[in-house]
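Participant: What follows is structure.cif; its format and atoms are mmCIF, C-alpha atoms.
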```cif
data_start
#
loop_
_atom_site.label_atom_id
_atom_site.label_comp_id
_atom_site.auth_asym_id
_atom_site.auth_seq_id
_atom_site.Cartn_x
_atom_site.Cartn_y
_atom_site.Cartn_z
CA MET Z 1 36.63 -22.60 -42.86
CA SER Z 2 35.02 -22.32 -39.48
CA GLY Z 3 32.20 -20.28 -38.04
CA ILE Z 4 29.13 -20.35 -35.87
CA ILE Z 5 25.82 -21.51 -37.40
CA ARG Z 6 22.49 -20.88 -35.69
CA ARG Z 7 19.89 -23.65 -35.93
CA LYS Z 8 16.43 -24.04 -34.39
CA VAL Z 9 15.85 -27.01 -32.08
CA ASP Z 10 12.46 -28.74 -32.21
CA SER Z 11 10.38 -29.71 -29.18
CA LYS Z 12 12.10 -33.12 -29.06
CA GLY Z 13 15.57 -31.55 -28.97
CA ARG Z 14 16.32 -32.39 -32.61
CA VAL Z 15 18.37 -30.14 -34.86
CA VAL Z 16 19.11 -30.32 -38.59
CA LEU Z 17 22.84 -30.43 -39.14
CA PRO Z 18 24.39 -28.54 -42.06
CA PHE Z 19 25.74 -31.69 -43.76
CA LYS Z 20 24.52 -33.12 -47.07
CA ASP Z 21 24.37 -36.85 -47.95
CA VAL Z 22 25.45 -37.89 -44.50
CA ARG Z 23 23.69 -40.69 -42.65
CA GLU Z 24 25.79 -40.65 -39.49
CA VAL Z 25 27.84 -38.10 -37.55
CA LEU Z 26 30.28 -38.36 -34.68
CA ILE Z 27 29.90 -35.92 -31.81
CA VAL Z 28 32.35 -34.54 -29.27
CA LYS Z 29 30.72 -33.23 -26.12
CA SER Z 30 32.58 -31.00 -23.71
CA GLY Z 31 30.48 -29.38 -21.00
CA ASP Z 32 27.70 -27.45 -22.74
CA VAL Z 33 29.40 -27.63 -26.15
CA ILE Z 34 28.99 -30.24 -28.85
CA ILE Z 35 30.89 -30.47 -32.11
CA ALA Z 36 29.72 -32.84 -34.83
CA SER Z 37 31.43 -34.20 -37.92
CA PRO Z 38 30.91 -37.06 -40.35
CA LYS Z 39 34.68 -37.55 -40.47
CA ARG Z 40 36.25 -39.59 -37.67
CA SER Z 41 39.73 -38.15 -38.25
CA GLU Z 42 38.42 -34.59 -37.94
CA ILE Z 43 36.44 -35.26 -34.79
CA GLU Z 44 39.43 -37.04 -33.24
CA ARG Z 45 41.64 -34.06 -34.06
CA ILE Z 46 39.16 -31.65 -32.43
CA LEU Z 47 38.87 -33.96 -29.41
CA ARG Z 48 42.66 -33.97 -28.98
CA ILE Z 49 42.74 -30.16 -29.14
CA ILE Z 50 39.95 -29.86 -26.53
CA GLU Z 51 41.59 -32.41 -24.24
CA GLU Z 52 44.96 -30.71 -24.53
CA TYR Z 53 43.39 -27.32 -23.82
CA ASN Z 54 41.49 -28.68 -20.81
CA LYS Z 55 44.63 -30.30 -19.46
CA ARG Z 56 46.63 -27.07 -19.81
CA GLU Z 57 43.86 -25.14 -18.03
CA LYS Z 58 43.79 -27.68 -15.20
CA LEU Z 59 47.57 -27.58 -14.83
CA LYS Z 60 47.45 -23.79 -14.59
CA ILE Z 61 44.68 -23.95 -11.95
CA ALA Z 62 46.59 -26.54 -9.90
CA GLU Z 63 49.83 -24.56 -10.17
CA ASP Z 64 48.04 -21.41 -8.94
CA TRP Z 65 46.58 -23.40 -6.06
CA PHE Z 66 49.91 -24.78 -4.89
CA ARG Z 67 51.52 -21.34 -5.27
CA LEU Z 68 48.90 -20.01 -2.87
CA VAL Z 69 49.46 -22.94 -0.48
CA GLU Z 70 53.20 -22.24 -0.55
CA GLU Z 71 52.67 -18.52 0.04
CA ALA Z 72 50.55 -19.44 3.08
CA GLY Z 73 53.45 -21.55 4.37
CA LEU Z 74 51.49 -24.81 4.24
CA SER Z 75 53.26 -26.69 1.44
CA GLU Z 76 55.36 -28.79 3.82
CA ILE Z 77 52.71 -29.48 6.43
CA GLU Z 78 53.09 -32.96 7.94
CA GLU Z 79 50.20 -35.39 8.32
CA SER Z 80 50.81 -35.42 12.10
CA LYS Z 81 50.29 -31.65 12.20
CA ILE Z 82 47.03 -31.97 10.23
CA GLN Z 83 45.79 -34.61 12.69
CA GLU Z 84 46.84 -32.47 15.66
CA ILE Z 85 44.91 -29.45 14.31
CA LEU Z 86 41.85 -31.61 13.60
CA LYS Z 87 41.85 -33.16 17.07
CA LYS Z 88 42.24 -29.78 18.72
CA GLY Z 89 39.28 -28.38 16.75
CA MET Z 90 37.07 -31.39 17.47
CA LEU Z 91 37.89 -31.34 21.17
CA ARG Z 92 37.00 -27.68 21.38
CA GLU Z 93 33.64 -28.42 19.75
CA VAL Z 94 32.67 -31.16 22.20
CA VAL Z 95 33.98 -29.64 25.43
CA MET S 96 40.17 -43.37 -17.38
CA LYS S 97 42.12 -44.29 -14.25
CA ARG S 98 40.78 -42.87 -10.98
CA ILE S 99 42.92 -41.83 -8.03
CA PHE S 100 41.78 -40.73 -4.60
CA ILE S 101 43.14 -37.43 -3.28
CA ASP S 102 43.67 -37.39 0.49
CA THR S 103 43.48 -34.24 2.65
CA ASN S 104 47.25 -33.74 2.88
CA ALA S 105 47.62 -33.91 -0.94
CA PHE S 106 45.75 -30.60 -1.24
CA PHE S 107 48.63 -29.03 0.70
CA ARG S 108 51.78 -30.81 -0.42
CA GLY S 109 53.25 -32.77 -3.30
CA ARG S 110 52.70 -30.19 -6.03
CA GLU S 111 54.78 -32.05 -8.64
CA ARG S 112 53.01 -35.36 -8.15
CA PHE S 113 49.60 -33.69 -8.30
CA LEU S 114 50.49 -31.95 -11.58
CA LYS S 115 51.83 -35.22 -12.99
CA LEU S 116 48.49 -36.94 -12.30
CA ILE S 117 46.68 -34.24 -14.28
CA GLU S 118 49.31 -34.50 -17.03
CA ASP S 119 48.80 -38.27 -17.17
CA GLY S 120 45.03 -37.82 -17.53
CA TYR S 121 43.94 -39.29 -14.20
CA ARG S 122 40.40 -38.70 -12.98
CA LEU S 123 40.80 -37.14 -9.52
CA VAL S 124 38.41 -38.24 -6.81
CA THR S 125 37.92 -37.20 -3.21
CA CYS S 126 35.16 -37.50 -0.59
CA THR S 127 33.14 -35.59 1.97
CA ILE S 128 35.48 -36.59 4.84
CA VAL S 129 38.44 -35.04 3.02
CA VAL S 130 36.45 -31.89 2.25
CA TYR S 131 35.51 -31.67 5.95
CA GLU S 132 39.10 -32.24 7.11
CA PHE S 133 40.61 -29.75 4.69
CA LEU S 134 38.17 -26.98 5.63
CA LYS S 135 38.39 -27.80 9.32
CA VAL S 136 42.19 -27.49 9.26
CA ILE S 137 42.00 -24.18 7.41
CA ASP S 138 39.34 -22.90 9.82
CA GLU S 139 41.50 -23.77 12.82
CA LEU S 140 44.49 -22.06 11.24
CA ILE S 141 42.41 -18.94 10.56
CA ALA S 142 41.15 -18.91 14.15
CA GLU S 143 44.65 -19.14 15.61
CA GLU S 144 46.67 -17.03 13.19
CA LYS S 145 47.83 -13.68 14.54
CA ASP S 146 49.64 -12.47 11.41
CA PRO S 147 46.99 -10.65 9.30
CA ARG S 148 48.80 -11.33 6.00
CA ARG S 149 48.94 -15.06 6.58
CA ARG S 150 45.39 -15.11 7.93
CA LYS S 151 44.24 -13.47 4.70
CA LEU S 152 45.97 -16.19 2.69
CA TYR S 153 44.24 -18.93 4.70
CA ILE S 154 40.88 -17.27 4.05
CA LYS S 155 41.76 -17.08 0.36
CA LEU S 156 42.54 -20.82 0.33
CA LYS S 157 39.28 -21.61 2.10
CA ASN S 158 37.22 -19.59 -0.36
CA ARG S 159 39.11 -20.91 -3.36
CA PHE S 160 38.72 -24.59 -2.40
CA PRO S 161 35.21 -25.22 -3.85
CA SER S 162 36.19 -23.76 -7.24
CA LEU S 163 39.41 -25.80 -7.21
CA LEU S 164 37.34 -28.99 -6.94
CA GLU S 165 35.04 -27.75 -9.66
CA ASP S 166 37.72 -26.47 -12.05
CA LEU S 167 39.77 -29.66 -11.79
CA ASP S 168 36.64 -31.81 -12.23
CA ILE S 169 37.38 -33.54 -8.95
CA GLU S 170 34.65 -36.04 -8.23
CA ILE S 171 33.36 -35.82 -4.63
CA LEU S 172 32.15 -39.15 -3.29
CA SER S 173 29.54 -39.21 -0.52
CA HIS S 174 29.60 -41.55 2.45
CA ARG S 175 26.39 -43.52 2.76
CA ILE S 176 27.16 -46.25 5.17
CA SER S 177 25.31 -49.03 6.88
CA ALA S 178 25.70 -50.28 10.45
CA GLN S 179 27.52 -53.30 9.02
CA GLU S 180 30.06 -51.02 7.33
CA ILE S 181 30.62 -49.19 10.61
CA ARG S 182 31.41 -52.58 12.19
CA GLU S 183 33.82 -53.29 9.34
CA ALA S 184 35.43 -49.87 9.79
CA LEU S 185 35.92 -50.57 13.51
CA MET S 186 37.61 -53.85 12.66
CA ILE S 187 39.91 -52.16 10.14
CA MET S 188 40.81 -49.54 12.77
CA GLU S 189 41.79 -52.23 15.22
CA GLU S 190 43.61 -54.52 12.80
CA LYS S 191 45.48 -51.84 10.85
CA SER S 192 45.88 -49.13 13.49
CA VAL S 193 44.25 -46.41 11.43
CA ASP S 194 41.72 -43.78 12.48
CA ILE S 195 37.99 -43.94 11.77
CA GLY S 196 38.25 -41.42 8.91
CA ASP S 197 40.79 -43.52 7.03
CA ALA S 198 38.85 -46.73 7.69
CA LEU S 199 35.64 -45.25 6.29
CA ILE S 200 37.47 -43.84 3.27
CA TYR S 201 39.08 -47.25 2.70
CA LEU S 202 35.65 -48.93 2.62
CA LEU S 203 34.40 -46.27 0.23
CA LEU S 204 37.36 -46.82 -2.10
CA LYS S 205 36.76 -50.57 -2.06
CA ARG S 206 33.12 -50.03 -2.96
CA GLU S 207 34.08 -47.61 -5.75
CA LYS S 208 36.85 -49.94 -6.98
CA ILE S 209 39.47 -47.19 -6.64
CA ARG S 210 42.86 -48.81 -6.15
CA GLU S 211 45.20 -45.84 -5.87
CA ILE S 212 45.51 -42.97 -3.40
CA LEU S 213 47.63 -39.83 -3.38
CA THR S 214 48.54 -39.36 0.25
CA TYR S 215 51.45 -38.44 2.51
CA ASP S 216 49.93 -40.31 5.43
CA ASP S 217 51.96 -43.48 6.00
CA ASP S 218 49.04 -45.19 7.74
CA TRP S 219 47.70 -45.92 4.25
CA LYS S 220 50.68 -48.19 3.58
CA ARG S 221 49.17 -50.69 6.01
CA LEU S 222 46.00 -50.92 3.93
CA ASN S 223 45.50 -52.89 0.73
CA ILE S 224 45.77 -49.97 -1.71
CA GLU S 225 48.47 -48.52 -3.92
CA VAL S 226 49.93 -45.41 -2.27
CA THR S 227 51.24 -42.69 -4.57
CA GLN S 228 53.51 -39.94 -3.22
#
```
Rewrite the structure from the file as structure tokens, please.
Facilitator:
Amino acid sequence: MSGIIRRKVDSKGRVVLPFKDVREVLIVKSGDVIIASPKRSEIERILRIIEEYNKREKLKIAEDWFRLVEEAGLSEIEESKIQEILKKGMLREVV
Amino acid sequence: MKRIFIDTNAFFRGRERFLKLIEDGYRLVTCTIVVYEFLKVIDELIAEEKDPRRRKLYIKLKNRFPSLLEDLDIEILSHRISAQEIREALMIMEEKSVDIGDALIYLLLKREKIREILTYDDDWKRLNIEVTQ
């Protein structure tokens, strides 16, 4: 069963976790989110899910980016062309 | 996690290779020189483009670039260099026939212990770094 539990945090940033008879927990941190568990296998499973999700999101973002680059006609731009554009811009700035 | 440096041209071309790096779990890294070059190129293209549709796309790319870096967790390295490093960069330029930008990036990569670069600039093949294309 899963759900969201609200807990107060004390002035030192400590929080009481809803586990009984546990002396140690493992924590996964992803951005502003942390997930804690006393079971290594569980926390590793959650970590794999988060990593897989993050990877899929990144792939989607990169694919969208390169689609936009292609639409703009820049996907085959040569390094020499990049250097030529840069030089032209710099020359204009100093002259 | 393995780190790879993303050169300016790799933000334009080599879609498949870029996606493969993400798939393989690489940590992507770039630097302020690359950010400058990418935005400078786009700015020049915007200034010269007559076709309004294409111009709009360039503007879209320019505005999207910061979030791309953020969303892909691309680490942006800053160049803090000493006079001695400038001397070293000048030597690299002369010995390897590369431009000052590449020489400074090369020194930065050495300092950061990054051994791989995604680039379509063949000048990098003359430097002591693994070139991925």
Participant: Which residues would end up in the selection if the PyMOL selection byres ((chain Z and resi 62) around 8) were applied here, given that I need the answer as number ranges by chain?
Facilitator: Z: 58-61, 63-66; S: 113-114, 163, 167
Participant: Residues of chain Z were defined as contacting chain S if any atom lay at most 10 Å from it, counting all atoms listed in the file; please report them as a PyMOL selection string.
Facilitator: chain Z and resi 51-52+54-90
Participant: Determine the residue set returned by the PyMOL selection byres ((chain Z and resi 30) around 10) for the present structure, and present it as a ChimeraX atom specification.
Facilitator: /Z:27-29,31-35,47,50-51,54
Participant: Counting all atoms listed in the file, figure out which residue out of S:Ile176, S:Ala198, S:Ile169, S:Leu222 gets nearest to Arg98 of chain S.
Facilitator: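 For Arg98 of chain S, the nearest of the candidates is S:Ile169.
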Participant: What does the distance between atom CA of Thr125 of chain S and atom CA of Glu207 of chain S come to in Å, to one decimal place?
Facilitator: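 Atom-to-atom, atom CA of Thr125 of chain S to atom CA of Glu207 of chain S, that is 11.4 Å.
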